[in-house]
Amino acid sequence: MNINDKLSNIPGRYWAYSALLLWGSLVFFFLLQKTSYGVDEGAARALLLVWSVADRVVTPVVELGVPDFRAIFYTPVGILWTGNVLAARISSILIMAAAAWITYSWRDRSGESESALLASGLLLISPLVVDQIDALSVAPFLLFCFASGAWLNQLYREEPRAFGGLYFSQIFLCIVSTTLHPIGLAYPAVLAWSWYRQPLNRDQQKYFLGGIASATLLALLLTLGWHHVNWFTNPVRSLSSTIMGTSSVEGDLTGIRGAIGSGILLMLLLVVWREALGLWNDFLGQTLLVGLVLGLPIGDEAWSVLVLSICLYWGFSLLLRGANGSGNFMKQRGIALGALFIFSILFMFSDKMRYQQLQNGFLSPRDTLIRTLVEDTDVSKQSDVSGTVKSTRVASQWPGRTMLACRCDTLPLPPPVKDEQTLLTMLRGINYLVFDPKDVGNQSLARNLAVLGGERAETIVIQDAGVIVQMRDANSQNDSSVILK
């Protein structure tokens with residue numbers, strides 16, 4: 001038996017596992033940050049809470065409210081490697097690989113194996129997905145929930161068992177997806193619609209509709225909405241990130257970003273128009289379509305990942321289906337291969353730019369501001385007049401990200417108050433404030449700090465992303481302990 005025969009006997013799934021392992025290794029070593037910067041605010045709070053519970057240390061993170069259910073996914077790595085952000089990024093890589101695998105399997109089951117293979121490969125190397133993995137963003141978890149939910153629904157319908165494991169798994173996914181993002185409401189909505197229109201029997205219908213409603217309401221009450229979602233983001237700008245990524249140098253929307261974002265939007269409209277029936281008759285496709293509508297008022301990068309998934313999985317299916325006529329190979333597959341070649345080149349070029357930026361130590365403006373707080377103000381070595389080292393307290397517009405980077409007690413900014421003396425009372429014990437004075441919600445804070453004057457509050461750093469204000473004569477005594485190591 002020669003080497004070709006031996007290789008042909010290896011099952012296809014092992015080749016897939018090897019490819020995913022190679023992809024994950026390359027992404028981890030070359031395209032992800034190895035520091036605590038660049039983490040999404042919601043993910044930072046989830047990680048800090050898991051680490052606080054794992055180390056049994058009381059920290060200010062409990063004051064930040066209940067995080068979304070990314071904390072569930074980070075619990076294993078949080079317990080085993082407390083304080084290690086790299087372990088969380090590896091976990092995010094695994095979640096994204098699982099999401100791509102499950103989505104491919106779902107489309108393969110529908111007879112779209114060729115288009116699903118091309119789409120999965122492009123999705124995994126897209127700069128936007130790599131950025132979302134690096135930031136520990138919600139996009140990989142949303143895709144995982146949607147794809148897993150489609151399979152769980154199908155498996156349950158094949159072998160219905162009231163109040164069994166498959167039932168509670170779907171109800172649990174309703175809670176998880178709802179806490180992640182407004183887009184996550186698409187899964188419980190589509191699941192409820194499917195059981196309303198196509199119930200197995202009346203009792204099963206009541207069980208599911210009641211369970212879905214209760215789970216969704218519970219999730220909304222736990223998180224009290226989505227605190228880290230920026231509403232009414234320009235969708236054209238976020239769509240341009242599918243090609244250019246989010247870490248590239250900022251540009252004018254009327255320029256190349258505007259052209260790329262508009263092109264992706266036109267592509268989405270074309271695919272949805274031509275594949276509307278196929279999307280609506282497919283559970284996963286219907287979930288992505290509903291998520292697309294629910295996420296339109298937000299238009300952020302998580303929404304753009306859904307757009308990219310629809311364009312790739314259903315777009316390639318459209319191209320290949322239209323090329324099944326007679327003719328040579330290039331006539332049948334020429335358009336699909338051309339699209340594959342173009343998107344691969346664009347994605348890999350953006351990934352190369354990301355690699356070069358990481359080598360040069362590039363950080364986003366907000367992370368640059370936080371790093372300035374950590375390095376230039378020396379927050380870990382605050383002392384009183386007697387020379388006793390005390391813990392530093394920071395009030396930040398981004399408390400999770402700040403606490404993750406500075407390894408000090410961090411609280412959210414105080415609410416708007418009527419006068420500067422009330423603000424001064426509320427800021428007792430705070431050493432530094434980090435915020436964006438141009439933000440509408442911070443105008444009252446900026447005005448009151450200006451009235452206090454330099455003797456009480458001195459602005460020591462001014463950058464594009466915000467300012468750092470040092471509070472003079474702050475009572476920095478703090479009973480909380482630092483959990484990061």
# chains A, B, ... in the order shown; residues from 1 in each chain; ligands from 1
call {"tool": "closest_atom_pairs", "arguments": {"of": "segment 260-300 of chain A", "to": "segment 120-144 of chain A", "cutoff": "12 Å", "atoms": "only C-alpha atoms", "output": "tab-separated table"}}
result
residue	atom	partner	partner_atom	distance
A:Leu284	CA	A:Leu143	CA	9.7
A:Gly285	CA	A:Leu143	CA	11.5
A:Thr287	CA	A:Leu143	CA	10.0
A:Leu288	CA	A:Leu143	CA	8.9
A:Gly291	CA	A:Leu142	CA	9.9
A:Asp300	CA	A:Ala139	CA	10.3
call {"tool": "residues_around", "arguments": {"residues": "Gly261 of chain A", "least_positions_apart": "6", "cutoff": "8 Å", "atoms": "only C-alpha atoms", "output": "list in words"}}
result
Pro235, Val236, Arg237, Ser238, Leu239, Ser240 and Ser241 of chain A
call {"tool": "residues_around", "arguments": {"residues": "Leu32 of chain A", "least_positions_apart": "4", "cutoff": "12 Å", "atoms": "only C-alpha atoms", "output": "MDAnalysis selection string"}}
result
chainID A and resid 24:28 36:39 85:90 92:93 127 129:136 247 351 354:359 361:362
call {"tool": "closest_residue", "arguments": {"among": "A:Gln470, A:Leu279, A:Val290, A:Ile175", "to": "Tyr313 of chain A", "atoms": "only C-alpha atoms"}}
result
A:Leu279
call {"tool": "atom_distance", "arguments": {"atom1": "atom CA of Tyr104 of chain A", "atom2": "atom CA of Leu117 of chain A"}}
result
6.6 Å
call {"tool": "select_by_dssp", "arguments": {"residues": "segment 381-468 of chain A", "states": "helix (DSSP H, G or I)", "output": "PDB file with C-alpha atoms, in the first residue's frame"}}
result
ATOM      1  CA  LYS A 381       2.364  52.133  43.270  1.00  0.00           C
ATOM      2  CA  PRO A 399     -14.337  49.746  34.017  1.00  0.00           C
ATOM      3  CA  GLY A 400     -13.938  46.156  32.854  1.00  0.00           C
ATOM      4  CA  ARG A 401     -11.229  46.896  30.307  1.00  0.00           C
ATOM      5  CA  THR A 402      -9.472  49.260  32.707  1.00  0.00           C
ATOM      6  CA  MET A 403      -9.473  46.775  35.581  1.00  0.00           C
ATOM      7  CA  LEU A 404      -8.173  44.065  33.262  1.00  0.00           C
ATOM      8  CA  ALA A 405      -5.232  46.218  32.175  1.00  0.00           C
ATOM      9  CA  CYS A 406      -4.298  48.191  35.296  1.00  0.00           C
ATOM     10  CA  GLU A 420     -19.402  69.858  41.895  1.00  0.00           C
ATOM     11  CA  GLN A 421     -19.503  69.393  45.685  1.00  0.00           C
ATOM     12  CA  THR A 422     -21.878  66.450  45.375  1.00  0.00           C
ATOM     13  CA  LEU A 423     -19.546  64.978  42.744  1.00  0.00           C
ATOM     14  CA  LEU A 424     -16.547  65.471  45.034  1.00  0.00           C
ATOM     15  CA  THR A 425     -18.331  63.567  47.793  1.00  0.00           C
ATOM     16  CA  MET A 426     -19.125  60.708  45.427  1.00  0.00           C
ATOM     17  CA  VAL A 440     -22.905  63.101  25.617  1.00  0.00           C
ATOM     18  CA  GLY A 441     -23.381  61.104  28.821  1.00  0.00           C
ATOM     19  CA  ASN A 442     -20.199  62.561  30.316  1.00  0.00           C
ATOM     20  CA  GLN A 443     -20.924  66.268  29.781  1.00  0.00           C
ATOM     21  CA  SER A 444     -22.151  66.800  33.348  1.00  0.00           C
ATOM     22  CA  LEU A 445     -19.059  65.076  34.742  1.00  0.00           C
ATOM     23  CA  ALA A 446     -16.695  67.120  32.567  1.00  0.00           C
ATOM     24  CA  ARG A 447     -18.422  70.372  33.531  1.00  0.00           C
ATOM     25  CA  ASN A 448     -18.303  69.674  37.276  1.00  0.00           C
ATOM     26  CA  LEU A 449     -14.648  68.603  37.120  1.00  0.00           C
ATOM     27  CA  ALA A 450     -13.801  71.834  35.314  1.00  0.00           C
ATOM     28  CA  VAL A 451     -15.494  73.843  38.081  1.00  0.00           C
ATOM     29  CA  LEU A 452     -13.487  72.002  40.756  1.00  0.00           C
TER      30      LEU A 452
END
call {"tool": "closest_residue", "arguments": {"among": "A:Trp226, A:Tyr187, A:Phe208, A:Trp398", "to": "Tyr156 of chain A", "atoms": "only C-alpha atoms"}}
result
A:Phe208
call {"tool": "closest_residue", "arguments": {"among": "A:Phe283, A:Gln205, A:Thr59, A:Asn230", "to": "Asn153 of chain A", "atoms": "only C-alpha atoms"}}
result
A:Phe283
call {"tool": "atom_distance", "arguments": {"atom1": "atom CA of Thr75 of chain A", "atom2": "atom CA of Thr178 of chain A"}}
result
18.7 Å
call {"tool": "closest_residue", "arguments": {"among": "A:Ser396, A:Leu277, A:Ile79, A:Thr242", "to": "Ile264 of chain A", "atoms": "only C-alpha atoms"}}
result
A:Thr242
call {"tool": "residues_around", "arguments": {"residues": "Ile468 of chain A", "least_positions_apart": "6", "cutoff": "9 Å", "atoms": "only C-alpha atoms", "output": "number ranges by chain"}}
result
A: 369-370, 372-373, 432-436, 458-462
call {"tool": "select_by_dssp", "arguments": {"residues": "segment 271-464 of chain A", "states": "strand (DSSP E or B)", "output": "VMD selection string"}}
result
chain A and resid 382 to 383 389 to 390 393 to 396 409 to 412 432 to 435 457 to 463
call {"tool": "residues_around", "arguments": {"residues": "Phe232 of chain A", "least_positions_apart": "4", "cutoff": "9 Å", "atoms": "only C-alpha atoms", "output": "ChimeraX atom specification"}}
result
/A:296-300
call {"tool": "closest_residue", "arguments": {"among": "A:Leu363, A:Ala16, A:Val53, A:Leu21", "to": "Ala465 of chain A", "atoms": "only C-alpha atoms"}}
result
A:Leu363
call {"tool": "atom_distance", "arguments": {"atom1": "atom CA of Lys418 of chain A", "atom2": "atom CA of Val469 of chain A"}}
result
19.7 Å
call {"tool": "closest_residue", "arguments": {"among": "A:Thr410, A:Asp203, A:Pro160, A:Val50", "to": "Phe73 of chain A", "atoms": "only C-alpha atoms"}}
result
A:Val50
